[in-house]
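Next comes entry.pdb, with PDB, C-alpha atoms.
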ATOM      1  CA  MET M 283      77.696   2.670  68.188
ATOM      2  CA  GLN M 284      76.090  -0.517  66.876
ATOM      3  CA  ASP M 285      74.701  -1.487  70.281
ATOM      4  CA  LYS M 286      73.266   2.035  70.621
ATOM      5  CA  ALA M 287      71.331   1.983  67.352
ATOM      6  CA  PRO M 288      67.846   3.485  67.803
ATOM      7  CA  ARG M 289      64.981   0.994  67.934
ATOM      8  CA  THR M 290      62.096   3.397  67.411
ATOM      9  CA  GLU M 291      61.222   5.960  64.756
ATOM     10  CA  ARG M 292      61.472   8.690  67.376
ATOM     11  CA  GLY M 293      64.969   7.519  68.208
ATOM     12  CA  ARG M 294      65.942   7.464  64.544
ATOM     13  CA  ARG M 295      64.692  11.056  64.164
ATOM     14  CA  THR M 296      66.710  12.143  67.191
ATOM     15  CA  LEU M 297      69.821  10.455  65.835
ATOM     16  CA  ARG M 298      69.372  12.148  62.437
ATOM     17  CA  ARG M 299      69.006  15.533  64.184
ATOM     18  CA  LEU M 300      72.194  14.914  66.144
ATOM     19  CA  LEU M 301      74.114  13.916  63.026
ATOM     20  CA  ASP M 302      72.835  16.945  61.089
ATOM     21  CA  ALA M 303      73.813  19.165  64.003
ATOM     22  CA  ALA M 304      77.225  17.496  64.220
ATOM     23  CA  ALA M 305      77.766  18.163  60.502
ATOM     24  CA  ALA M 306      77.077  21.863  61.049
ATOM     25  CA  GLU M 307      79.186  22.047  64.221
ATOM     26  CA  PHE M 308      82.219  20.206  62.850
ATOM     27  CA  GLY M 309      81.883  21.845  59.444
ATOM     28  CA  GLU M 310      81.899  25.355  60.881
ATOM     29  CA  ARG M 311      84.266  24.954  63.822
ATOM     30  CA  GLY M 312      86.466  21.960  62.985
ATOM     31  CA  PHE M 313      86.920  18.942  65.217
ATOM     32  CA  HIS M 314      89.051  20.527  67.935
ATOM     33  CA  ASP M 315      86.888  23.625  68.467
ATOM     34  CA  ALA M 316      83.569  21.800  68.139
ATOM     35  CA  SER M 317      81.822  20.709  71.312
ATOM     36  CA  ILE M 318      79.187  18.237  72.387
ATOM     37  CA  ASN M 319      77.197  21.111  73.888
ATOM     38  CA  GLY M 320      77.333  22.877  70.529
ATOM     39  CA  ILE M 321      75.969  19.771  68.813
ATOM     40  CA  THR M 322      73.101  19.292  71.256
ATOM     41  CA  GLN M 323      72.167  22.984  71.146
ATOM     42  CA  ARG M 324      72.045  22.917  67.351
ATOM     43  CA  ALA M 325      69.956  19.731  67.478
ATOM     44  CA  GLY M 326      67.612  21.081  70.128
ATOM     45  CA  ALA M 327      68.331  17.940  72.124
ATOM     46  CA  ALA M 328      69.232  17.263  75.736
ATOM     47  CA  LEU M 329      72.794  16.319  76.616
ATOM     48  CA  GLY M 330      71.497  12.950  77.777
ATOM     49  CA  SER M 331      70.161  12.281  74.282
ATOM     50  CA  PHE M 332      73.673  12.626  72.895
ATOM     51  CA  TYR M 333      75.043  10.046  75.311
ATOM     52  CA  THR M 334      72.212   7.692  74.429
ATOM     53  CA  TYR M 335      73.880   7.244  71.044
ATOM     54  CA  PHE M 336      77.509   8.354  71.433
ATOM     55  CA  ASP M 337      80.194   8.095  74.102
ATOM     56  CA  SER M 338      82.377  10.972  72.934
ATOM     57  CA  LYS M 339      82.978  13.734  70.418
ATOM     58  CA  GLU M 340      85.324  11.449  68.488
ATOM     59  CA  GLU M 341      82.659   8.747  68.261
ATOM     60  CA  VAL M 342      80.046  11.081  66.797
ATOM     61  CA  PHE M 343      82.682  12.405  64.381
ATOM     62  CA  ARG M 344      83.440   8.881  63.161
ATOM     63  CA  ALA M 345      79.722   8.149  62.825
ATOM     64  CA  LEU M 346      79.297  11.374  60.879
ATOM     65  CA  VAL M 347      82.019  10.479  58.365
ATOM     66  CA  SER M 348      80.276   7.166  57.705
ATOM     67  CA  HIS M 349      76.874   8.896  57.568
ATOM     68  CA  MET M 350      78.112  11.457  55.039
ATOM     69  CA  GLY M 351      79.373   8.629  52.833
ATOM     70  CA  GLN M 352      75.966   6.935  52.990
ATOM     71  CA  LEU M 353      74.160  10.171  52.106
ATOM     72  CA  THR M 354      76.494  10.801  49.179
ATOM     73  CA  ARG M 355      76.135   7.294  47.762
ATOM     74  CA  GLN M 356      72.353   7.347  48.182
ATOM     75  CA  PHE M 357      72.023  10.716  46.442
ATOM     76  CA  ILE M 358      74.173   9.657  43.492
ATOM     77  CA  SER M 359      72.582   6.217  43.223
ATOM     78  CA  GLU M 360      69.118   7.745  42.957
ATOM     79  CA  ARG M 361      70.287  10.172  40.276
ATOM     80  CA  ILE M 362      72.028   7.629  38.039
ATOM     81  CA  GLY M 363      69.431   4.869  38.328
ATOM     82  CA  SER M 364      68.060   5.598  34.864
ATOM     83  CA  ALA M 365      71.463   5.584  33.107
ATOM     84  CA  PRO M 366      71.462   3.209  30.121
ATOM     85  CA  ASP M 367      75.192   2.423  30.379
ATOM     86  CA  ARG M 368      78.304   2.996  32.502
ATOM     87  CA  LEU M 369      79.682   5.988  30.620
ATOM     88  CA  THR M 370      76.362   7.794  30.909
ATOM     89  CA  ALA M 371      76.242   6.851  34.586
ATOM     90  CA  GLU M 372      79.680   8.424  35.080
ATOM     91  CA  ARG M 373      78.543  11.706  33.533
ATOM     92  CA  MET M 374      75.330  11.732  35.548
ATOM     93  CA  GLY M 375      77.254  10.782  38.682
ATOM     94  CA  ILE M 376      79.715  13.671  38.352
ATOM     95  CA  GLU M 377      76.844  16.101  37.884
ATOM     96  CA  ALA M 378      75.001  14.673  40.888
ATOM     97  CA  PHE M 379      78.108  14.725  43.075
ATOM     98  CA  ILE M 380      78.788  18.400  42.387
ATOM     99  CA  GLU M 381      75.150  19.199  43.153
ATOM    100  CA  PHE M 382      75.385  17.226  46.396
ATOM    101  CA  VAL M 383      78.580  19.000  47.443
ATOM    102  CA  ARG M 384      77.011  22.410  46.834
ATOM    103  CA  GLU M 385      74.244  21.449  49.239
ATOM    104  CA  HIS M 386      76.662  19.913  51.790
ATOM    105  CA  LYS M 387      79.825  22.027  51.763
ATOM    106  CA  ASP M 388      80.659  20.886  55.286
ATOM    107  CA  LEU M 389      81.287  17.437  53.805
ATOM    108  CA  TYR M 390      84.719  18.447  52.591
ATOM    109  CA  ARG M 391      85.956  19.927  55.831
ATOM    110  CA  ILE M 392      84.703  16.940  57.788
ATOM    111  CA  VAL M 393      86.106  14.252  55.484
ATOM    112  CA  MET M 394      89.431  16.040  54.976
ATOM    113  CA  GLU M 395      89.837  16.589  58.709
ATOM    114  CA  ALA M 396      89.064  12.920  59.313
ATOM    115  CA  GLN M 397      92.462  11.912  57.926
ATOM    116  CA  PHE M 398      94.038  13.595  60.961
ATOM    117  CA  VAL M 399      91.354  12.899  63.574
ATOM    118  CA  ALA M 400      90.195   9.396  62.641
ATOM    119  CA  GLU M 401      92.328   7.982  59.848
ATOM    120  CA  ASP M 402      90.589   4.605  59.892
ATOM    121  CA  ALA M 403      87.210   6.287  59.317
ATOM    122  CA  TYR M 404      88.774   8.399  56.560
ATOM    123  CA  ARG M 405      90.133   5.347  54.776
ATOM    124  CA  ALA M 406      86.905   3.418  55.258
ATOM    125  CA  TYR M 407      84.939   6.316  53.752
ATOM    126  CA  TYR M 408      86.833   6.017  50.465
ATOM    127  CA  GLN M 409      87.247   2.238  50.520
ATOM    128  CA  VAL M 410      83.471   1.787  50.472
ATOM    129  CA  PHE M 411      83.307   4.019  47.400
ATOM    130  CA  GLU M 412      86.176   2.116  45.780
ATOM    131  CA  GLU M 413      84.571  -1.278  46.319
ATOM    132  CA  ALA M 414      81.305  -0.137  44.742
ATOM    133  CA  TYR M 415      83.133   1.534  41.860
ATOM    134  CA  ARG M 416      85.190  -1.599  41.212
ATOM    135  CA  ARG M 417      82.077  -3.785  41.113
ATOM    136  CA  ASN M 418      80.330  -1.403  38.733
ATOM    137  CA  LEU M 419      83.337  -1.172  36.428
ATOM    138  CA  LYS M 420      83.729  -4.938  36.253
ATOM    139  CA  ALA M 421      80.018  -5.338  35.521
ATOM    140  CA  ALA M 422      80.200  -2.674  32.804
ATOM    141  CA  GLU M 423      83.234  -4.400  31.299
ATOM    142  CA  SER M 424      81.399  -7.731  31.216
ATOM    143  CA  ARG M 425      78.510  -6.031  29.387
ATOM    144  CA  GLY M 426      80.901  -4.566  26.829
ATOM    145  CA  GLU M 427      80.153  -0.971  27.886
ATOM    146  CA  ILE M 428      83.785  -0.063  28.630
ATOM    147  CA  ARG M 429      87.203  -1.290  27.536
ATOM    148  CA  GLY M 430      88.767  -3.961  29.720
ATOM    149  CA  GLY M 431      91.367  -2.864  32.245
ATOM    150  CA  PRO M 432      92.417  -2.793  35.916
ATOM    151  CA  ALA M 433      89.262  -1.974  37.865
ATOM    152  CA  GLU M 434      90.985  -1.076  41.134
ATOM    153  CA  GLU M 435      93.273   1.605  39.679
ATOM    154  CA  ARG M 436      90.457   2.976  37.565
ATOM    155  CA  ALA M 437      88.183   3.161  40.600
ATOM    156  CA  TRP M 438      90.714   5.179  42.623
ATOM    157  CA  ALA M 439      91.394   7.461  39.636
ATOM    158  CA  LEU M 440      87.673   8.187  39.254
ATOM    159  CA  ILE M 441      87.302   8.821  42.981
ATOM    160  CA  GLY M 442      90.239  11.234  42.964
ATOM    161  CA  MET M 443      88.816  13.066  39.978
ATOM    162  CA  ASN M 444      85.433  13.460  41.663
ATOM    163  CA  VAL M 445      86.955  14.658  44.925
ATOM    164  CA  PHE M 446      88.735  17.560  43.253
ATOM    165  CA  LEU M 447      85.905  18.377  40.875
ATOM    166  CA  GLY M 448      83.670  18.645  43.927
ATOM    167  CA  LEU M 449      86.209  20.845  45.671
ATOM    168  CA  ARG M 450      86.701  23.197  42.716
ATOM    169  CA  TYR M 451      83.130  23.440  41.412
ATOM    170  CA  GLY M 452      81.187  22.648  44.567
ATOM    171  CA  VAL M 453      83.087  24.273  47.432
ATOM    172  CA  TRP M 454      85.462  26.913  46.078
ATOM    173  CA  GLU M 455      83.333  28.367  43.284
ATOM    174  CA  GLU M 456      80.039  27.729  41.522
ATOM    175  CA  ASP M 457      80.894  29.517  38.287
ATOM    176  CA  LYS M 458      79.924  26.597  36.041
ATOM    177  CA  SER M 459      76.846  24.422  36.111
ATOM    178  CA  PRO M 460      77.274  20.820  37.278
ATOM    179  CA  ALA M 461      75.994  19.672  33.868
ATOM    180  CA  GLU M 462      78.654  21.721  32.069
ATOM    181  CA  VAL M 463      81.448  20.320  34.205
ATOM    182  CA  ALA M 464      80.133  16.769  33.871
ATOM    183  CA  ALA M 465      79.920  17.052  30.084
ATOM    184  CA  ALA M 466      83.537  18.242  29.841
ATOM    185  CA  VAL M 467      84.805  15.396  32.006
ATOM    186  CA  ALA M 468      82.602  12.829  30.259
ATOM    187  CA  ASP M 469      84.256  13.769  26.963
ATOM    188  CA  MET M 470      87.635  12.902  28.490
ATOM    189  CA  LEU M 471      86.315   9.635  29.929
ATOM    190  CA  ASN M 472      84.703   8.666  26.647
ATOM    191  CA  PHE M 473      87.600   9.549  24.346
ATOM    192  CA  GLY M 474      90.688   9.893  26.545
ATOM    193  CA  LEU M 475      93.425  12.439  25.965
ATOM    194  CA  SER M 476      94.799  10.982  22.752
ATOM    195  CA  PRO M 477      94.494  13.266  19.716
ATOM    196  CA  LYS M 478      91.580  12.454  17.467
ATOM    197  CA  PRO M 479      92.597  10.641  14.309
ATOM    198  CA  ALA M 480      92.747  12.870  11.255
ATOM    199  CA  GLU M 481      89.637  12.728   9.148
ATOM    200  CA  ALA M 482      90.114  11.039   5.792
TER     201      ALA M 482
END
Can the structure in the file be given as structure tokens, please?
Amino acid sequence: MQDKAPRTERGRRTLRRLLDAAAAEFGERGFHDASINGITQRAGAALGSFYTYFDSKEEVFRALVSHMGQLTRQFISERIGSAPDRLTAERMGIEAFIEFVREHKDLYRIVMEAQFVAEDAYRAYYQVFEEAYRRNLKAAESRGEIRGGPAEERAWALIGMNVFLGLRYGVWEEDKSPAEVAAAVADMLNFGLSPKPAEA
């Protein structure tokens, strides 16, 4: 798709409409039942516009997985920009992620289905998150904000935690506020699961 990247603002708007429409189409119908015609109808675009940017349904699906990752990271990055330290950023990030998922429930169906439709795109989606997480954890460690430890394993653990928090509190039910969930998880991140020492 790189050689088909839009060169004008009008083209960029058309591409965004197609990706938004693809998110709705794949999210509602799944990859196998979704259609290119369904995407273009949702986007209010001509069939030729689709083929200006994509060669197939699989190609737009792969592009959508990458696009959803970019949207997620951008949303969270904007929300945690004011965090004074890494632990606060984690709490704010969990809250932001749950809020994002509630607004983009199709994200889960699309990303989960990607492991069967386009495994390389599925892996890449999470590897980009892991690389950013690892960098942030190492930087926080160097600033003395968190205890030293293996950044890679910690990054994957945090990703896994967020994935299922988003599923439970963003997709399945919305019975708790994102702030409430984030506060509960932040307590575990800050203090671990070890019992608190007895007060003297």
key: Residue nearest M:Leu471 - candidates M:Leu419, M:Phe411, M:Leu369, M:Arg436, atoms counted: all atoms listed in the file   =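 Among the listed residues, the smallest separation from M:Leu471 belongs to M:Leu369.
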request  = List, as a PyMOL selection string, every residue that the PyMOL selection byres ((chain M and resi 340) around 12) selects in the file provided.
outcome  = chain M and resi 283+304+308+312-314+316-318+336-339+341-347+395-396+398-401+403
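Between M:His349 and the residues M:Ala439, M:Leu301, M:Phe379, M:Leu329, the shortest atom-to-atom distance, using all atoms listed in the file, involves M:Leu301.
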message = Here is a test: counting all atoms listed in the file, which residue of M:Pro288, M:Gly375, M:Pro366, M:Gly330 is nearest to M:Ala422?
response =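 Closest residue, counting all atoms listed in the file: M:Pro366.
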query = What does the distance between atom CA of M:Leu297 and atom CA of M:Arg361 come to in Å, to one decimal place?
reply = 25.6 Å
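Residue nearest M:Leu447, chosen from M:Tyr404, M:Lys387, M:Ile376, M:Val393 and counting only C-alpha atoms: M:Ile376.
The set of protein, DNA and RNA residues with any counted atom at most 12 Å from (72.7, 24.1, 71.3) (all atoms listed in the file) reads Arg299, Leu300, Ala303, Ala304, Ala306, Glu307, Ala316, Ser317, Ile318, Asn319, Gly320, Ile321, Thr322, Gln323, Arg324, Ala325, Gly326, Ala327, Ala328, Leu329 and Phe332 of chain M.
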Dump as a short mmCIF file (atom, residue, chain, number, x, y, z; two decimals), in the frame of the given file, selection limited to C-alpha atoms:
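And here's again_31.cif as it stands now:
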data_model
loop_
_atom_site.label_atom_id
_atom_site.label_comp_id
_atom_site.auth_asym_id
_atom_site.auth_seq_id
_atom_site.Cartn_x
_atom_site.Cartn_y
_atom_site.Cartn_z
CA ARG M 299 69.01 15.53 64.18
CA LEU M 300 72.19 14.91 66.14
CA ALA M 303 73.81 19.16 64.00
CA ALA M 304 77.22 17.50 64.22
CA ALA M 306 77.08 21.86 61.05
CA GLU M 307 79.19 22.05 64.22
CA ALA M 316 83.57 21.80 68.14
CA SER M 317 81.82 20.71 71.31
CA ILE M 318 79.19 18.24 72.39
CA ASN M 319 77.20 21.11 73.89
CA GLY M 320 77.33 22.88 70.53
CA ILE M 321 75.97 19.77 68.81
CA THR M 322 73.10 19.29 71.26
CA GLN M 323 72.17 22.98 71.15
CA ARG M 324 72.04 22.92 67.35
CA ALA M 325 69.96 19.73 67.48
CA GLY M 326 67.61 21.08 70.13
CA ALA M 327 68.33 17.94 72.12
CA ALA M 328 69.23 17.26 75.74
CA LEU M 329 72.79 16.32 76.62
CA PHE M 332 73.67 12.63 72.90
#
query = What lies within 9 Å of M:Ala464 using only C-alpha atoms, ignoring chain neighbours under 3 positions off, as a list in words?
reply =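 Returned residues: Glu372, Arg373, Met374, Gly375, Ile376, Glu377, Ala378, Ile380, Ser459, Pro460, Ala461, Val467, Ala468 and Asp469 of chain M.
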Take the residues that were just selected and, keeping C-alpha atoms, output them as an mmCIF file, keeping the file's coordinate frame.
data_model
loop_
_atom_site.group_PDB
_atom_site.id
_atom_site.type_symbol
_atom_site.label_atom_id
_atom_site.label_comp_id
_atom_site.auth_asym_id
_atom_site.auth_seq_id
_atom_site.Cartn_x
_atom_site.Cartn_y
_atom_site.Cartn_z
ATOM 1 C CA GLU M 372 79.680 8.424 35.080
ATOM 2 C CA ARG M 373 78.543 11.706 33.533
ATOM 3 C CA MET M 374 75.330 11.732 35.548
ATOM 4 C CA GLY M 375 77.254 10.782 38.682
ATOM 5 C CA ILE M 376 79.715 13.671 38.352
ATOM 6 C CA GLU M 377 76.844 16.101 37.884
ATOM 7 C CA ALA M 378 75.001 14.673 40.888
ATOM 8 C CA ILE M 380 78.788 18.400 42.387
ATOM 9 C CA SER M 459 76.846 24.422 36.111
ATOM 10 C CA PRO M 460 77.274 20.820 37.278
ATOM 11 C CA ALA M 461 75.994 19.672 33.868
ATOM 12 C CA VAL M 467 84.805 15.396 32.006
ATOM 13 C CA ALA M 468 82.602 12.829 30.259
ATOM 14 C CA ASP M 469 84.256 13.769 26.963
#
key: Pairwise distance for atom CA of M:Tyr451 and atom CA of M:Val463, rounded to one decimal in Å   =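 Pair atom CA of M:Tyr451 / atom CA of M:Val463 returns 8.0 Å.
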